[in-house]
2 protein chains.
Amino acid sequence: MEYRFEITKKSAKTKARVGKLHTPHGVINTPAFLPIGTQGTVKAMTMRDIDEIGAEILLCNTYHLFLRPGHELIREAGGLHKFINWDKPILTDSGGFQVFSLSQMRKVTDEGVEFTSHVDGSKHFLSPEKVLEIQTAFGSDIMMPLDECVGYPCKKKEAEEAVKRTTRWAKRSKSEILNTKSETISKSQIQNSKLFGIVQGSTYKDLRKRSAEEIAALDFPGYAIGGLSVGEPQAEMFEMLDVVTDILPEKAPRHLMGVGYASDILGAVKLGADLFDCVIPTRLARHGSFLTYEGKISIRLNKFEKDFTPIDPDCDCYACRNFTRAYIRHLFWAREITAMHLLTVHNLRFYMRMMAKVRADI
Amino acid sequence: MEYRFEITKKSAKTKARVGKLHTPHGVINTPAFLPIGTQGTVKAMTMRDIDEIGAEILLCNTYHLFLRPGHELIREAGGLHKFINWDKPILTDSGGFQVFSLSQMRKVTDEGVEFTSHVDGSKHFLSPEKVLEIQTAFGSDIMMPLDECVGYPCKKKEAEEAVKRTTRWAKRSKSEILNTKSETISKSQIQNSKLFGIVQGSTYKDLRKRSAEEIAALDFPGYAIGGLSVGEPQAEMFEMLDVVTDILPEKAPRHLMGVGYASDILGAVKLGADLFDCVIPTRLARHGSFLTYEGKISIRLNKFEKDFTPIDPDCDCYACRNFTRAYIRHLFWAREITAMHLLTVHNLRFYMRMMAKVRADI
């Protein structure tokens, strides 16, 4: 199947749109939420569970899989889909966000980023070309170019430098795609994965505008909006997104990276975002919280002690169809892994149902 | 369905037998292995997983469930089957083994055992009558009377006292079944659960003989052999079992509690044991080992790094049908819960397939 993004419906009142993103491994109905399989599995889940909650695409982290088990091993396994046994689409990030999060453990030059592994302290170097080679070895359906992420708050000068470098690296990435010099991957292999462009610019409207224009000018088949949901108020995030989606070409999908809570996603869809990924539903589950439209609720609460109803009576997930709040609460207090699993199943299914409703409501 | 044990085949050469144990929640093909759901779940598994590996009965621990969430809560939930959502048979132990394992934290008198909770340090008292009341609140298909367990090695005098007390407590349990004085459970409720007798006697042949005779004289519908696999050599365990199964009535099922490794079970079946339970397959899985007839193998080993074959090519479990040694090894080193889950699925399915082979080979 060819890569293609098709917009099937547009909102009359907002910038929201419903679409179908066709990839070699299947179609993704957008707006879509991508569960995160950082190290090649969604935490506390099997691939069957991910399939059952209705996920149409998985996000995996290049940084983690590059360090362990390594992209060469994944290549030998027949690619990431085969290694993890997931035959639907996979999007991999560039590792940029993780590397920049290492703060004291990395050194950035125009050439790339040198960093120290969190796994074993070994030194590594990632360049725009290297991250594409890695993601090509994975066989990702969608890959991301190396970008420079800044924290929040960020001084304007620093944010501007990051925007400039992100554009320079995007150009190098684009040229690597067109004419790779890699000895381990071929041109057709690298072109089989679709490379998105990433927009940065911190919380400065003019920088967001400039970044969106520069990246859009490079004509990518899809775009990611990075550096948001890093601590800024929601209103500011929406403001930045609004500026960016006014500039990015309408025909291409837009991935708002690392976002977010239900209310973030509901607002961002109206501003024209199509793809979302976030560790919130899975991380909160492992910490004992289930999600609702109103926010998170801890299963540990005393009021659930003898609550023999499901987490959500309207939910069709395995946890809600089979177990009570009292039971899952008990398992949680008893430190059973099964509690983390059941809450993860529910939280991800909640996000999937939310996205289906979002699509229906546009 | 009525409780009934039916022997369908006997070995010509050994004391092994194939049978069907009929209970109100279904039939158990024996010899059978019972996965352990200590706190109301098998660790790292859901009830669906347990069903899929082919388990026909689950063992739950009275001690743990009494302390948390408590038998009154389980009663309110509609019983243990409903609380944990498992509609096949459940066997519960008496809590004796766990309480006696507390060593410094418990005080035994003829009346019962006072002990300190490992959960919150609170004081509790278990008597033969109390453990039956608890298990009746659970609605267990098979329940166990309070017994006195000794360690290994154990002085003969101490082992003898434990045998005497176990018999006295068995008599009290039997009389409680026939005419309960409990204010919270009825006679028909307590009789709905079938009470097994427990044989003790440490590693002394004469004590095992005496215990088996005294307990058998009380005419229970089934028997458990306790206090074995607590550190003694396998040969000694087999010797004790041999003495006991010569005495116990042939028509009743025999549960060799807490046993064991594959070779323990294979040997014990030949000596006439019908039911087995053990934490080995699940605990070893969480520590990264998979089981074979030859013993355990660590998935962590370097030789599995690029081993793209299943844990066991002949196994039909979810883990073996879908994932490679290299992938599960990677997940284990990456500390993913999913690795524990997949190894648990395999190890329990290995035990289930082993028991099916045992039954077919008799």
# chains A, B, ... in the order shown; residues from 1 in each chain; ligands from 1
call {"tool": "residues_around", "arguments": {"residues": "B:His346", "least_positions_apart": "6", "cutoff": "12 Å", "atoms": "only C-alpha atoms", "output": "ChimeraX atom specification"}}
result
/B:45,49-50,52-54,281-282,284-286,288-292,310-323,325,328,339-340,352-354
call {"tool": "select_by_dssp", "arguments": {"residues": "stretch 192-350 of chain B", "states": "strand (DSSP E)", "output": "list in words"}}
result
Lys194, Leu195, Gly197, Ile198, Val199, Tyr223, Ala224, Ile225, Arg254, His255, Leu256, Leu275, Phe276, Asp277, Ser289, Phe290, Leu291, Thr292, Gly295, Lys296, Ile297 and Ser298 of chain B
call {"tool": "closest_residue", "arguments": {"among": "B:Glu161, B:Glu129, B:Asp141, B:Glu114", "to": "B:Ile177", "atoms": "only C-alpha atoms"}}
result
B:Glu129
call {"tool": "interface_residues", "arguments": {"of": "chain A", "to": "chain B", "cutoff": "6 Å", "atoms": "only C-alpha atoms", "output": "list in words"}}
result
Ala44, Met45, Ile337 and Thr338 of chain A
call {"tool": "write_last_selection", "arguments": {"atoms": "N, CA and C atoms", "output": "short mmCIF file (atom, residue, chain, number, x, y, z; two decimals), in the first residue's frame"}}
result
data_model
loop_
_atom_site.label_atom_id
_atom_site.label_comp_id
_atom_site.auth_asym_id
_atom_site.auth_seq_id
_atom_site.Cartn_x
_atom_site.Cartn_y
_atom_site.Cartn_z
N ALA A 44 3.43 -3.06 30.25
CA ALA A 44 2.42 -3.91 30.89
C ALA A 44 1.38 -4.45 29.92
N MET A 45 1.69 -4.41 28.61
CA MET A 45 0.75 -4.90 27.60
C MET A 45 1.45 -5.86 26.63
N ILE A 337 1.06 -6.91 39.63
CA ILE A 337 1.29 -6.41 38.27
C ILE A 337 -0.01 -6.39 37.47
N THR A 338 -0.87 -7.36 37.74
CA THR A 338 -2.14 -7.47 37.01
C THR A 338 -2.96 -6.18 37.13
#
call {"tool": "residues_around", "arguments": {"residues": "B:Val150", "least_positions_apart": "6", "cutoff": "7 Å", "atoms": "only C-alpha atoms", "output": "compact mmCIF listing (two decimals) with N, CA and C atoms, in the first residue's frame"}}
result
# COMPACT_ATOMS: atom_id res chain seq x y z
N ALA B 159 8.13 -32.72 65.56
CA ALA B 159 7.32 -33.23 64.45
C ALA B 159 6.14 -34.03 64.98
N SER B 202 6.57 -34.60 58.93
CA SER B 202 7.95 -34.27 58.56
C SER B 202 8.56 -35.39 57.73
N GLY B 227 3.80 -30.30 54.34
CA GLY B 227 5.12 -30.36 54.98
C GLY B 227 6.18 -31.05 54.15
call {"tool": "select_by_dssp", "arguments": {"residues": "stretch 187-320 of chain B", "states": "alpha helix (DSSP H)", "output": "PyMOL selection string"}}
result
chain B and resi 187-192+205-217+234-247+262-270+280-286+318-320
call {"tool": "atom_distance", "arguments": {"atom1": "atom CA of B:Ala216", "atom2": "atom CA of B:Lys174"}}
result
12.0 Å
call {"tool": "residues_around", "arguments": {"residues": "stretch 228-237 of chain A", "least_positions_apart": "6", "cutoff": "12 Å", "atoms": "only C-alpha atoms", "output": "MDAnalysis selection string"}}
result
chainID A and resid 97 101 149:154 198:205 208 243:244 255:268 271 276:280
call {"tool": "write_last_selection", "arguments": {"atoms": "N, CA and C atoms", "output": "short mmCIF file (atom, residue, chain, number, x, y, z; two decimals), in the first residue's frame"}}
result
data_model
loop_
_atom_site.label_atom_id
_atom_site.label_comp_id
_atom_site.auth_asym_id
_atom_site.auth_seq_id
_atom_site.Cartn_x
_atom_site.Cartn_y
_atom_site.Cartn_z
N PHE A 97 14.29 14.29 21.34
CA PHE A 97 13.69 14.68 22.61
C PHE A 97 14.38 14.00 23.79
N SER A 101 16.82 15.65 26.65
CA SER A 101 16.39 15.53 28.04
C SER A 101 17.54 15.09 28.94
N CYS A 149 15.40 20.15 20.60
CA CYS A 149 14.30 20.46 21.51
C CYS A 149 14.82 21.36 22.62
N VAL A 150 14.01 22.35 23.01
CA VAL A 150 14.38 23.19 24.15
C VAL A 150 13.33 22.99 25.25
N GLY A 151 13.71 23.35 26.46
CA GLY A 151 12.80 23.20 27.60
C GLY A 151 11.85 24.37 27.73
N TYR A 152 11.14 24.41 28.83
CA TYR A 152 10.24 25.53 29.10
C TYR A 152 10.46 25.99 30.52
N PRO A 153 10.61 27.28 30.81
CA PRO A 153 10.69 28.34 29.80
C PRO A 153 12.06 28.34 29.13
N CYS A 154 12.15 28.99 27.96
CA CYS A 154 13.39 29.03 27.19
C CYS A 154 13.63 30.46 26.70
N ILE A 198 9.80 18.44 11.35
CA ILE A 198 9.42 18.84 12.72
C ILE A 198 9.55 20.35 12.90
N VAL A 199 8.48 20.93 13.43
CA VAL A 199 8.44 22.37 13.72
C VAL A 199 8.79 22.60 15.19
N GLN A 200 9.73 23.53 15.44
CA GLN A 200 10.05 23.91 16.82
C GLN A 200 9.69 25.39 17.01
N GLY A 201 10.28 26.06 18.01
CA GLY A 201 10.00 27.48 18.21
C GLY A 201 9.54 27.85 19.61
N SER A 202 9.61 26.88 20.51
CA SER A 202 9.25 27.14 21.91
C SER A 202 7.88 27.83 21.98
N THR A 203 7.74 28.83 22.84
CA THR A 203 6.44 29.49 22.99
C THR A 203 6.44 30.89 22.36
N TYR A 204 7.30 31.06 21.34
CA TYR A 204 7.37 32.35 20.64
C TYR A 204 6.64 32.24 19.30
N LYS A 205 5.59 33.06 19.17
CA LYS A 205 4.78 33.01 17.95
C LYS A 205 5.61 33.21 16.69
N ARG A 208 7.73 30.16 15.99
CA ARG A 208 6.87 29.06 15.50
C ARG A 208 6.53 29.30 14.03
N VAL A 243 -0.92 29.00 15.34
CA VAL A 243 -0.01 29.67 14.41
C VAL A 243 0.55 28.67 13.40
N VAL A 244 0.97 27.52 13.91
CA VAL A 244 1.64 26.52 13.06
C VAL A 244 0.69 25.89 12.05
N HIS A 255 1.30 15.89 13.42
CA HIS A 255 1.46 15.11 14.65
C HIS A 255 1.89 16.05 15.78
N LEU A 256 1.03 16.21 16.78
CA LEU A 256 1.37 17.04 17.94
C LEU A 256 2.05 16.13 18.95
N MET A 257 3.38 16.18 18.96
CA MET A 257 4.14 15.17 19.70
C MET A 257 4.07 15.31 21.23
N GLY A 258 3.84 14.16 21.88
CA GLY A 258 3.88 14.13 23.34
C GLY A 258 2.63 14.67 24.02
N VAL A 259 1.56 14.89 23.28
CA VAL A 259 0.32 15.45 23.84
C VAL A 259 -0.78 14.41 23.78
N GLY A 260 -1.54 14.19 24.82
CA GLY A 260 -1.52 14.81 26.11
C GLY A 260 -2.71 14.32 26.91
N TYR A 261 -3.18 15.16 27.79
CA TYR A 261 -4.42 14.86 28.53
C TYR A 261 -5.62 15.00 27.59
N ALA A 262 -6.75 14.45 27.98
CA ALA A 262 -7.96 14.50 27.15
C ALA A 262 -8.27 15.93 26.70
N SER A 263 -8.23 16.87 27.61
CA SER A 263 -8.59 18.24 27.25
C SER A 263 -7.59 18.85 26.28
N ASP A 264 -6.31 18.47 26.37
CA ASP A 264 -5.31 18.94 25.42
C ASP A 264 -5.66 18.45 24.01
N ILE A 265 -5.98 17.16 23.94
CA ILE A 265 -6.27 16.55 22.64
C ILE A 265 -7.54 17.14 22.03
N LEU A 266 -8.58 17.27 22.85
CA LEU A 266 -9.85 17.80 22.34
C LEU A 266 -9.66 19.20 21.78
N GLY A 267 -8.87 20.02 22.47
CA GLY A 267 -8.61 21.38 21.98
C GLY A 267 -7.73 21.39 20.75
N ALA A 268 -6.71 20.53 20.75
CA ALA A 268 -5.74 20.52 19.65
C ALA A 268 -6.37 20.03 18.35
N LEU A 271 -7.78 22.72 16.44
CA LEU A 271 -6.76 23.58 15.83
C LEU A 271 -6.04 22.86 14.69
N PHE A 276 -1.56 12.13 17.82
CA PHE A 276 -1.16 12.42 19.19
C PHE A 276 -0.49 11.19 19.79
N ASP A 277 0.46 11.42 20.66
CA ASP A 277 1.03 10.32 21.43
C ASP A 277 1.40 10.86 22.79
N CYS A 278 1.29 10.02 23.79
CA CYS A 278 1.57 10.49 25.14
C CYS A 278 1.69 9.30 26.09
N VAL A 279 2.57 9.42 27.08
CA VAL A 279 2.71 8.34 28.06
C VAL A 279 1.67 8.44 29.18
N ILE A 280 0.87 9.50 29.18
CA ILE A 280 -0.07 9.70 30.28
C ILE A 280 -0.98 8.49 30.56
#
call {"tool": "atom_distance", "arguments": {"atom1": "atom CA of B:Ala273", "atom2": "atom CA of B:Leu102"}}
result
28.0 Å
call {"tool": "residues_around", "arguments": {"residues": "B:Leu59", "least_positions_apart": "5", "cutoff": "9 Å", "atoms": "only C-alpha atoms", "output": "PDB file with C-alpha atoms, in the first residue's frame"}}
result
ATOM      1  CA  LEU B  34      -3.040 -25.765  40.102  1.00  0.00           C
ATOM      2  CA  PRO B  35      -1.709 -22.308  39.228  1.00  0.00           C
ATOM      3  CA  ILE B  36      -1.445 -20.169  42.347  1.00  0.00           C
ATOM      4  CA  GLY B  37      -3.495 -17.009  42.621  1.00  0.00           C
ATOM      5  CA  THR B  38      -2.213 -16.002  46.043  1.00  0.00           C
ATOM      6  CA  PRO B  89     -13.069 -24.535  40.667  1.00  0.00           C
ATOM      7  CA  ILE B  90     -11.073 -22.848  43.430  1.00  0.00           C
ATOM      8  CA  LEU B  91      -9.077 -24.615  46.125  1.00  0.00           C
ATOM      9  CA  THR B  92      -8.002 -22.546  49.110  1.00  0.00           C
ATOM     10  CA  ASP B  93      -5.365 -23.544  51.612  1.00  0.00           C
ATOM     11  CA  ASP B 277       0.505 -26.596  43.188  1.00  0.00           C
TER      12      ASP B 277
END
call {"tool": "atom_distance", "arguments": {"atom1": "atom CA of A:Ile299", "atom2": "atom CA of B:Asp120"}}
result
19.7 Å
